[in-house]
$ cat coords13.tsv   # TSV, C-alpha atoms
chain	number	residue	atom	x	y	z
A	1	MET	CA	-47.20	150.90	-86.82
A	2	THR	CA	-50.21	150.06	-84.60
A	3	LEU	CA	-50.82	152.48	-81.74
A	4	GLN	CA	-50.32	150.74	-78.41
A	5	LEU	CA	-53.51	151.28	-76.46
A	6	PRO	CA	-53.66	152.08	-72.75
A	7	PRO	CA	-54.79	149.24	-70.47
A	8	LEU	CA	-58.48	148.44	-70.80
A	9	TYR	CA	-58.97	148.56	-67.00
A	10	ALA	CA	-57.62	152.12	-66.94
A	11	LEU	CA	-59.93	153.20	-69.75
A	12	ARG	CA	-62.91	151.62	-68.02
A	13	ALA	CA	-62.08	153.19	-64.66
A	14	PHE	CA	-61.81	156.62	-66.26
A	15	GLU	CA	-65.05	156.24	-68.23
A	16	VAL	CA	-67.04	155.27	-65.13
A	17	ALA	CA	-65.46	158.02	-63.03
A	18	ALA	CA	-66.24	160.57	-65.76
A	19	ARG	CA	-69.84	159.37	-66.02
A	20	HIS	CA	-70.41	159.62	-62.25
A	21	GLY	CA	-68.20	162.65	-61.67
A	22	SER	CA	-66.78	160.83	-58.66
A	23	PHE	CA	-63.97	158.39	-57.91
A	24	THR	CA	-65.98	157.07	-54.95
A	25	LEU	CA	-69.05	156.21	-57.05
A	26	ALA	CA	-66.84	154.74	-59.77
A	27	ALA	CA	-65.18	152.51	-57.20
A	28	GLN	CA	-68.57	151.33	-55.92
A	29	THR	CA	-69.75	150.63	-59.48
A	30	LEU	CA	-66.67	148.59	-60.38
A	31	CYS	CA	-66.34	146.97	-56.92
A	32	ILE	CA	-62.78	148.18	-56.38
A	33	THR	CA	-61.24	150.76	-54.05
A	34	GLN	CA	-61.21	154.50	-54.58
A	35	SER	CA	-57.41	154.48	-54.54
A	36	ALA	CA	-57.46	151.90	-57.35
A	37	ILE	CA	-59.61	154.22	-59.47
A	38	SER	CA	-57.18	157.06	-58.77
A	39	ARG	CA	-54.19	154.91	-59.79
A	40	HIS	CA	-55.90	153.76	-63.00
A	41	VAL	CA	-56.73	157.34	-64.00
A	42	LYS	CA	-53.17	158.43	-63.24
A	43	THR	CA	-51.85	155.57	-65.36
A	44	LEU	CA	-54.09	156.65	-68.23
A	45	GLU	CA	-53.01	160.29	-67.94
A	46	GLU	CA	-49.35	159.25	-68.03
A	47	ARG	CA	-49.87	157.04	-71.07
A	48	LEU	CA	-51.77	159.75	-72.94
A	49	GLY	CA	-49.57	162.58	-71.75
A	50	CYS	CA	-52.43	164.87	-70.73
A	51	GLN	CA	-54.61	165.79	-67.74
A	52	LEU	CA	-58.12	164.33	-67.76
A	53	PHE	CA	-59.53	165.63	-64.47
A	54	GLU	CA	-59.08	168.77	-62.42
A	55	ARG	CA	-60.42	169.58	-58.99
A	56	LYS	CA	-62.37	172.75	-58.30
A	57	GLY	CA	-62.86	172.83	-54.56
A	58	SER	CA	-64.57	169.57	-53.65
A	59	LYS	CA	-65.79	168.97	-57.20
A	60	LEU	CA	-64.12	166.70	-59.73
A	61	MET	CA	-64.27	168.26	-63.19
A	62	LEU	CA	-63.31	166.92	-66.60
A	63	THR	CA	-60.83	168.87	-68.70
A	64	ASP	CA	-61.76	169.50	-72.33
A	65	THR	CA	-59.57	166.57	-73.35
A	66	GLY	CA	-61.11	164.38	-70.67
A	67	ARG	CA	-64.63	165.27	-71.79
A	68	LEU	CA	-63.83	164.30	-75.39
A	69	LEU	CA	-62.27	161.01	-74.34
A	70	ALA	CA	-65.18	160.21	-71.99
A	71	GLN	CA	-67.74	160.74	-74.76
A	72	GLU	CA	-65.89	158.44	-77.14
A	73	LEU	CA	-65.30	155.77	-74.50
A	74	GLU	CA	-68.94	155.79	-73.41
A	75	ARG	CA	-70.01	155.02	-76.99
A	76	SER	CA	-67.31	152.38	-77.37
A	77	PHE	CA	-68.10	150.54	-74.14
A	78	SER	CA	-71.80	150.67	-74.99
A	79	ALA	CA	-71.04	149.02	-78.33
A	80	ILE	CA	-69.01	146.32	-76.56
A	81	GLU	CA	-71.82	145.69	-74.06
A	82	ASN	CA	-74.38	145.43	-76.86
A	83	ALA	CA	-72.16	143.02	-78.77
A	84	CYS	CA	-71.86	140.78	-75.71
A	85	ALA	CA	-75.61	141.02	-75.11
A	86	ALA	CA	-76.23	139.91	-78.68
A	87	VAL	CA	-74.07	136.81	-78.16
A	88	ASN	CA	-75.50	135.99	-74.73
A	89	ARG	CA	-79.16	136.60	-75.50
A	90	GLN	CA	-81.67	133.83	-75.27
A	91	LYS	CA	-81.15	131.66	-78.33
A	92	GLY	CA	-83.93	131.93	-80.87
A	93	ALA	CA	-85.60	134.97	-79.28
A	94	LEU	CA	-86.49	137.96	-81.41
A	95	ARG	CA	-85.27	141.18	-79.77
A	96	LEU	CA	-87.90	143.90	-80.16
A	97	LYS	CA	-87.78	147.57	-79.11
A	98	ALA	CA	-91.00	149.55	-78.73
A	99	PRO	CA	-92.25	152.83	-77.19
A	100	THR	CA	-93.67	152.64	-73.67
A	101	THR	CA	-97.28	153.73	-74.22
A	102	LEU	CA	-97.79	151.43	-77.18
A	103	THR	CA	-96.26	148.59	-75.18
A	104	MET	CA	-98.55	149.06	-72.19
A	105	ARG	CA	-101.73	149.68	-74.19
A	106	TRP	CA	-101.48	147.05	-76.92
A	107	LEU	CA	-98.17	145.44	-77.79
A	108	MET	CA	-97.40	143.59	-74.57
A	109	GLN	CA	-100.76	141.80	-74.55
A	110	ALA	CA	-100.51	141.06	-78.26
A	111	LEU	CA	-97.06	139.51	-77.82
A	112	GLU	CA	-98.24	137.41	-74.89
A	113	GLY	CA	-100.90	135.97	-77.17
A	114	PHE	CA	-98.34	135.43	-79.92
A	115	GLN	CA	-95.99	133.55	-77.64
A	116	ALA	CA	-98.79	131.48	-76.12
A	117	SER	CA	-99.91	130.39	-79.58
A	118	ASP	CA	-96.69	128.54	-80.37
A	119	PRO	CA	-93.69	127.61	-78.17
A	120	ARG	CA	-91.37	128.62	-81.02
A	121	ASN	CA	-92.56	132.22	-80.78
A	122	ARG	CA	-90.08	133.79	-78.39
A	123	VAL	CA	-89.81	137.56	-78.25
A	124	GLN	CA	-87.57	139.58	-75.95
A	125	LEU	CA	-89.41	142.91	-75.61
A	126	THR	CA	-87.70	146.09	-74.46
A	127	SER	CA	-89.97	149.05	-73.78
A	128	ALA	CA	-88.12	152.36	-74.04
A	129	TRP	CA	-89.11	155.99	-73.57
A	130	MET	CA	-88.39	157.87	-76.79
A	131	ASP	CA	-89.45	161.47	-77.30
A	132	LEU	CA	-89.04	160.81	-81.01
A	133	ASP	CA	-89.09	157.11	-81.82
A	134	THR	CA	-85.71	155.85	-83.02
A	135	VAL	CA	-83.62	152.71	-83.14
A	136	ASP	CA	-79.97	152.22	-84.08
A	137	PHE	CA	-79.63	148.66	-85.33
A	138	ARG	CA	-75.85	149.01	-85.57
A	139	ASN	CA	-75.30	149.95	-81.94
A	140	GLU	CA	-78.44	148.75	-80.12
A	141	PRO	CA	-79.10	145.04	-79.41
A	142	PHE	CA	-82.38	144.73	-81.34
A	143	ASP	CA	-83.52	142.72	-84.32
A	144	CYS	CA	-86.63	144.81	-84.98
A	145	ALA	CA	-88.64	147.69	-83.54
A	146	VAL	CA	-92.06	149.30	-83.54
A	147	LEU	CA	-91.72	153.02	-84.18
A	148	LEU	CA	-94.09	155.94	-84.59
A	149	GLY	CA	-93.12	157.89	-87.68
A	150	ARG	CA	-93.87	158.85	-91.27
A	151	GLY	CA	-92.29	155.87	-92.97
A	152	ASP	CA	-89.12	157.65	-94.11
A	153	PHE	CA	-86.75	154.96	-92.86
A	154	PRO	CA	-83.21	154.14	-94.08
A	155	GLY	CA	-82.97	152.38	-97.41
A	156	ASP	CA	-81.55	149.19	-95.91
A	157	TRP	CA	-84.55	148.73	-93.58
A	158	HIS	CA	-87.76	146.84	-94.22
A	159	SER	CA	-91.02	148.12	-92.76
A	160	ILE	CA	-94.74	147.43	-92.59
A	161	LYS	CA	-97.36	149.90	-91.39
A	162	LEU	CA	-99.42	148.64	-88.46
A	163	PHE	CA	-101.93	151.47	-87.92
A	164	ASP	CA	-102.31	155.25	-88.14
A	165	GLU	CA	-102.27	157.66	-85.24
A	166	TRP	CA	-105.55	159.56	-84.79
A	167	LEU	CA	-105.41	162.38	-82.25
A	168	VAL	CA	-108.51	163.10	-80.20
A	169	PRO	CA	-109.16	165.19	-77.05
A	170	VAL	CA	-109.90	163.15	-73.91
A	171	CYS	CA	-110.89	164.06	-70.35
A	172	SER	CA	-112.54	162.56	-67.30
A	173	PRO	CA	-116.36	162.46	-67.11
A	174	ALA	CA	-116.16	164.96	-64.24
A	175	VAL	CA	-114.31	167.48	-66.41
A	176	TYR	CA	-116.64	166.80	-69.33
A	177	GLY	CA	-119.76	167.57	-67.29
A	178	ASP	CA	-123.35	167.30	-68.50
A	179	MET	CA	-123.46	169.66	-71.49
A	180	PRO	CA	-122.05	169.18	-75.01
A	181	TRP	CA	-118.74	170.94	-75.66
A	182	THR	CA	-117.66	173.39	-78.34
A	183	ILE	CA	-114.19	174.67	-79.18
A	184	ASP	CA	-114.84	177.62	-76.86
A	185	ASN	CA	-114.71	175.25	-73.86
A	186	LEU	CA	-111.01	174.65	-74.53
A	187	GLU	CA	-110.26	178.27	-73.66
A	188	SER	CA	-111.42	177.75	-70.08
A	189	VAL	CA	-109.81	174.39	-69.24
A	190	GLU	CA	-106.21	173.38	-68.72
A	191	LEU	CA	-104.63	171.48	-71.56
A	192	VAL	CA	-102.53	168.40	-70.85
A	193	HIS	CA	-99.64	167.80	-73.26
A	194	PRO	CA	-98.29	164.25	-73.67
A	195	SER	CA	-95.05	165.67	-75.14
A	196	ARG	CA	-92.81	168.49	-74.05
A	197	ASP	CA	-93.03	170.34	-77.36
A	198	CYS	CA	-96.87	170.32	-77.29
A	199	ARG	CA	-96.89	168.93	-80.84
A	200	ASP	CA	-100.06	166.85	-80.49
A	201	TRP	CA	-102.34	169.69	-79.44
A	202	ARG	CA	-100.70	171.90	-82.05
A	203	ARG	CA	-101.39	169.35	-84.81
A	204	TRP	CA	-104.99	168.84	-83.71
A	205	LEU	CA	-105.73	172.58	-83.65
A	206	GLU	CA	-103.80	173.41	-86.84
A	207	ARG	CA	-105.73	170.80	-88.81
A	208	GLN	CA	-108.91	172.70	-87.95
A	209	GLY	CA	-107.48	176.18	-88.40
A	210	LEU	CA	-107.65	176.89	-84.66
A	211	ALA	CA	-103.98	177.20	-83.70
A	212	ASP	CA	-104.29	180.97	-83.31
A	213	THR	CA	-107.55	180.71	-81.34
A	214	ILE	CA	-106.61	178.43	-78.44
A	215	PRO	CA	-103.51	179.14	-76.26
A	216	TRP	CA	-102.11	175.66	-76.87
A	217	ARG	CA	-98.65	176.43	-75.48
A	218	ASP	CA	-100.11	176.68	-71.98
A	219	GLY	CA	-100.90	173.75	-69.71
A	220	LYS	CA	-99.21	170.76	-68.12
A	221	ARG	CA	-96.46	168.97	-70.04
A	222	PHE	CA	-95.53	165.30	-69.74
A	223	ASP	CA	-93.07	162.93	-71.41
A	224	THR	CA	-95.42	160.26	-72.71
A	225	LEU	CA	-98.90	159.67	-74.02
A	226	GLU	CA	-99.42	157.30	-71.09
A	227	LEU	CA	-98.82	160.07	-68.55
A	228	GLY	CA	-101.07	162.45	-70.45
A	229	ILE	CA	-103.88	159.90	-70.46
A	230	SER	CA	-103.37	159.22	-66.76
A	231	ALA	CA	-103.53	162.93	-65.93
A	232	ALA	CA	-106.73	163.30	-67.94
A	233	THR	CA	-108.29	160.25	-66.26
A	234	GLN	CA	-107.58	161.81	-62.87
A	235	GLY	CA	-109.34	165.02	-63.84
A	236	HIS	CA	-106.30	167.27	-64.28
A	237	GLY	CA	-107.38	168.70	-67.63
A	238	VAL	CA	-107.99	167.76	-71.25
A	239	SER	CA	-105.29	165.74	-72.95
A	240	ILE	CA	-104.75	164.49	-76.47
A	241	GLY	CA	-104.96	160.73	-76.90
A	242	ASP	CA	-104.47	158.27	-79.72
A	243	LEU	CA	-107.93	156.97	-80.65
A	244	ALA	CA	-106.56	153.43	-80.94
A	245	LEU	CA	-104.86	153.51	-77.54
A	246	VAL	CA	-107.63	155.00	-75.36
A	247	ASP	CA	-110.41	152.60	-76.36
A	248	ALA	CA	-110.26	150.68	-73.07
A	249	GLU	CA	-110.83	153.85	-71.02
A	250	LEU	CA	-113.59	155.01	-73.34
A	251	GLN	CA	-115.36	151.66	-73.01
A	252	LYS	CA	-115.03	151.68	-69.21
A	253	GLY	CA	-116.21	155.26	-68.99
A	254	SER	CA	-113.11	156.53	-67.22
A	255	LEU	CA	-112.45	158.82	-70.18
A	256	ALA	CA	-114.75	160.83	-72.42
A	257	ILE	CA	-114.25	162.60	-75.73
A	258	PRO	CA	-115.40	166.20	-75.19
A	259	ILE	CA	-115.09	167.25	-78.85
A	260	ASN	CA	-115.85	164.44	-81.27
A	261	THR	CA	-113.20	165.23	-83.85
A	262	ALA	CA	-110.16	163.02	-84.46
A	263	VAL	CA	-107.29	164.27	-86.60
A	264	ARG	CA	-104.83	162.00	-88.40
A	265	SER	CA	-101.44	163.23	-87.23
A	266	GLY	CA	-99.55	162.00	-90.30
A	267	ASP	CA	-97.61	159.54	-88.16
A	268	SER	CA	-98.22	155.80	-88.08
A	269	TYR	CA	-96.86	152.86	-86.12
A	270	TYR	CA	-94.49	150.72	-88.18
A	271	LEU	CA	-92.74	147.44	-87.56
A	272	VAL	CA	-89.20	147.91	-88.88
A	273	TRP	CA	-86.18	145.63	-89.23
A	274	PRO	CA	-82.82	145.72	-91.02
A	275	GLU	CA	-81.88	143.49	-93.92
A	276	ARG	CA	-79.16	141.75	-91.95
A	277	GLY	CA	-79.16	139.12	-89.27
A	278	VAL	CA	-82.76	138.49	-88.25
A	279	GLU	CA	-84.55	135.17	-88.12
A	280	GLN	CA	-87.01	135.65	-90.96
A	281	SER	CA	-89.42	132.84	-90.07
A	282	LEU	CA	-90.00	134.10	-86.51
A	283	LEU	CA	-90.24	137.71	-87.66
A	284	SER	CA	-92.71	136.73	-90.35
A	285	ARG	CA	-94.92	134.88	-87.86
A	286	MET	CA	-94.87	137.83	-85.45
A	287	LYS	CA	-95.65	140.29	-88.24
A	288	ASP	CA	-98.64	138.24	-89.39
A	289	TYR	CA	-99.93	137.86	-85.82
A	290	LEU	CA	-99.68	141.58	-85.08
A	291	MET	CA	-101.47	142.48	-88.29
A	292	LYS	CA	-104.35	140.17	-87.31
A	293	ASN	CA	-104.53	141.57	-83.76
A	294	LEU	CA	-104.28	145.32	-84.20
A	295	PRO	CA	-105.84	147.60	-81.55
A	296	VAL	CA	-109.49	148.58	-81.91
A	297	ILE	CA	-110.12	151.98	-83.46
A	298	ASN	CA	-113.71	152.80	-82.53
A	299	VAL	CA	-114.80	155.68	-84.75
A	300	ARG	CA	-118.49	155.56	-83.87
A	301	GLY	CA	-119.71	159.10	-83.32
A	302	VAL	CA	-116.29	160.58	-84.10
A	303	LEU	CA	-115.60	162.85	-87.07
A	304	LEU	CA	-112.33	161.84	-88.74
A	305	LEU	CA	-110.24	164.59	-90.38
A	306	ASP	CA	-107.71	162.89	-92.64
$ encode --input "coords13.tsv" --output "structure tokens"
Amino acid sequence: MTLQLPPLYALRAFEVAARHGSFTLAAQTLCITQSAISRHVKTLEERLGCQLFERKGSKLMLTDTGRLLAQELERSFSAIENACAAVNRQKGALRLKAPTTLTMRWLMQALEGFQASDPRNRVQLTSAWMDLDTVDFRNEPFDCAVLLGRGDFPGDWHSIKLFDEWLVPVCSPAVYGDMPWTIDNLESVELVHPSRDCRDWRRWLERQGLADTIPWRDGKRFDTLELGISAATQGHGVSIGDLALVDAELQKGSLAIPINTAVRSGDSYYLVWPERGVEQSLLSRMKDYLMKNLPVINVRGVLLLD
């Protein structure tokens, strides 16, 4: 026998109330009254035969059962929303996910050129913050993505490497000063980390056998390479940048490279896509265009440690 499900409106009301921790905010989100949210949750509790919320003073708290149900419903409603988005998306557009810094510093301009070159070239770009670059083609509404990684993607994905990540220290001209730098200078300046786990400075120092010399765990921590570059440009310390993505600032003179050593991190930017359901002709045109318009990697005067 098929289990008779509770009403969809009751499930939705509960999921939104659980997400906000408030019947009032849930009512505002769904454009119904607070009493309607309360009735829907009560209906759901009666159908399931268990308590989903409990009040502790003025706070609305999920029970253990309610927390489990809320987690599952959040995933399920997200899948439904993505399925509807896939049906309603602009016909013929390629849906692309990409990390924020890469988008701002290269990809967005490259795609504008791609779309201007041919009216058939329609790309719907979504820039997303990702501490570690990921995409879930089953549950996210994307046809392809640009990810920073080591190329160890699922077996049912296709991929092409765009360019390698080369880590290099960057700072403002004011911080750089007038005299050439040595490693010893790093002990007396504040480091800027473009990731919370400090992995970029750690990789750069480890590659040169200096991880035990410089206190790399200290300093300011940010979420993205873009924020790290911005902090360095404003004179707040020495950050780590991607040599390919800081070229504009280096050319303008708003950033300088205090120590002329770039280290290949082991990561590269890849265009990835699943085997299923993508318009191959459009994807192929975009892939070819991106490969012909990769960002400039100016290595003049920089020692590269592969």
$ closest_residue --input "coords13.tsv" --among "A:Ser127, A:Pro7, A:Ala145, A:Lys252" --to "Lys161 in chain A" --atoms "all atoms listed in the file"
A:Ala145
$ residues_near_point --input "coords13.tsv" --point "(-104.5, 158.2, -76.3)" --cutoff "12 Å" --atoms "all atoms listed in the file" --output "JSON list (two decimals) with C-alpha atoms, keeping the file's coordinate frame"
[["chain", "number", "residue", "atom", "x", "y", "z"],
["A", 101, "THR", "CA", -97.28, 153.73, -74.22],
["A", 102, "LEU", "CA", -97.79, 151.43, -77.18],
["A", 104, "MET", "CA", -98.55, 149.06, -72.19],
["A", 105, "ARG", "CA", -101.73, 149.68, -74.19],
["A", 106, "TRP", "CA", -101.48, 147.05, -76.92],
["A", 165, "GLU", "CA", -102.27, 157.66, -85.24],
["A", 166, "TRP", "CA", -105.55, 159.56, -84.79],
["A", 167, "LEU", "CA", -105.41, 162.38, -82.25],
["A", 168, "VAL", "CA", -108.51, 163.10, -80.20],
["A", 169, "PRO", "CA", -109.16, 165.19, -77.05],
["A", 170, "VAL", "CA", -109.90, 163.15, -73.91],
["A", 171, "CYS", "CA", -110.89, 164.06, -70.35],
["A", 192, "VAL", "CA", -102.53, 168.40, -70.85],
["A", 193, "HIS", "CA", -99.64, 167.80, -73.26],
["A", 194, "PRO", "CA", -98.29, 164.25, -73.67],
["A", 200, "ASP", "CA", -100.06, 166.85, -80.49],
["A", 224, "THR", "CA", -95.42, 160.26, -72.71],
["A", 225, "LEU", "CA", -98.90, 159.67, -74.02],
["A", 226, "GLU", "CA", -99.42, 157.30, -71.09],
["A", 227, "LEU", "CA", -98.82, 160.07, -68.55],
["A", 228, "GLY", "CA", -101.07, 162.45, -70.45],
["A", 229, "ILE", "CA", -103.88, 159.90, -70.46],
["A", 230, "SER", "CA", -103.37, 159.22, -66.76],
["A", 231, "ALA", "CA", -103.53, 162.93, -65.93],
["A", 232, "ALA", "CA", -106.73, 163.30, -67.94],
["A", 233, "THR", "CA", -108.29, 160.25, -66.26],
["A", 238, "VAL", "CA", -107.99, 167.76, -71.25],
["A", 239, "SER", "CA", -105.29, 165.74, -72.95],
["A", 240, "ILE", "CA", -104.75, 164.49, -76.47],
["A", 241, "GLY", "CA", -104.96, 160.73, -76.90],
["A", 242, "ASP", "CA", -104.47, 158.27, -79.72],
["A", 243, "LEU", "CA", -107.93, 156.97, -80.65],
["A", 244, "ALA", "CA", -106.56, 153.43, -80.94],
["A", 245, "LEU", "CA", -104.86, 153.51, -77.54],
["A", 246, "VAL", "CA", -107.63, 155.00, -75.36],
["A", 247, "ASP", "CA", -110.41, 152.60, -76.36],
["A", 248, "ALA", "CA", -110.26, 150.68, -73.07],
["A", 249, "GLU", "CA", -110.83, 153.85, -71.02],
["A", 250, "LEU", "CA", -113.59, 155.01, -73.34],
["A", 255, "LEU", "CA", -112.45, 158.82, -70.18],
["A", 256, "ALA", "CA", -114.75, 160.83, -72.42],
["A", 257, "ILE", "CA", -114.25, 162.60, -75.73],
["A", 262, "ALA", "CA", -110.16, 163.02, -84.46],
["A", 295, "PRO", "CA", -105.84, 147.60, -81.55],
["A", 297, "ILE", "CA", -110.12, 151.98, -83.46]]
$ atom_distance --input "coords13.tsv" --atom1 "CA of Thr261 in chain A" --atom2 "CA of Asp184 in chain A"
14.3 Å
$ atom_distance --input "coords13.tsv" --atom1 "CA of Ser35 in chain A" --atom2 "CA of Thr63 in chain A"
20.5 Å
$ closest_residue --input "coords13.tsv" --among "A:Lys97, A:Arg19, A:Arg122, A:Arg150" --to "Ser265 in chain A" --atoms "all atoms listed in the file"
A:Arg150
$ atom_distance --input "coords13.tsv" --atom1 "CA of Gly219 in chain A" --atom2 "CA of Gly235 in chain A"
13.5 Å
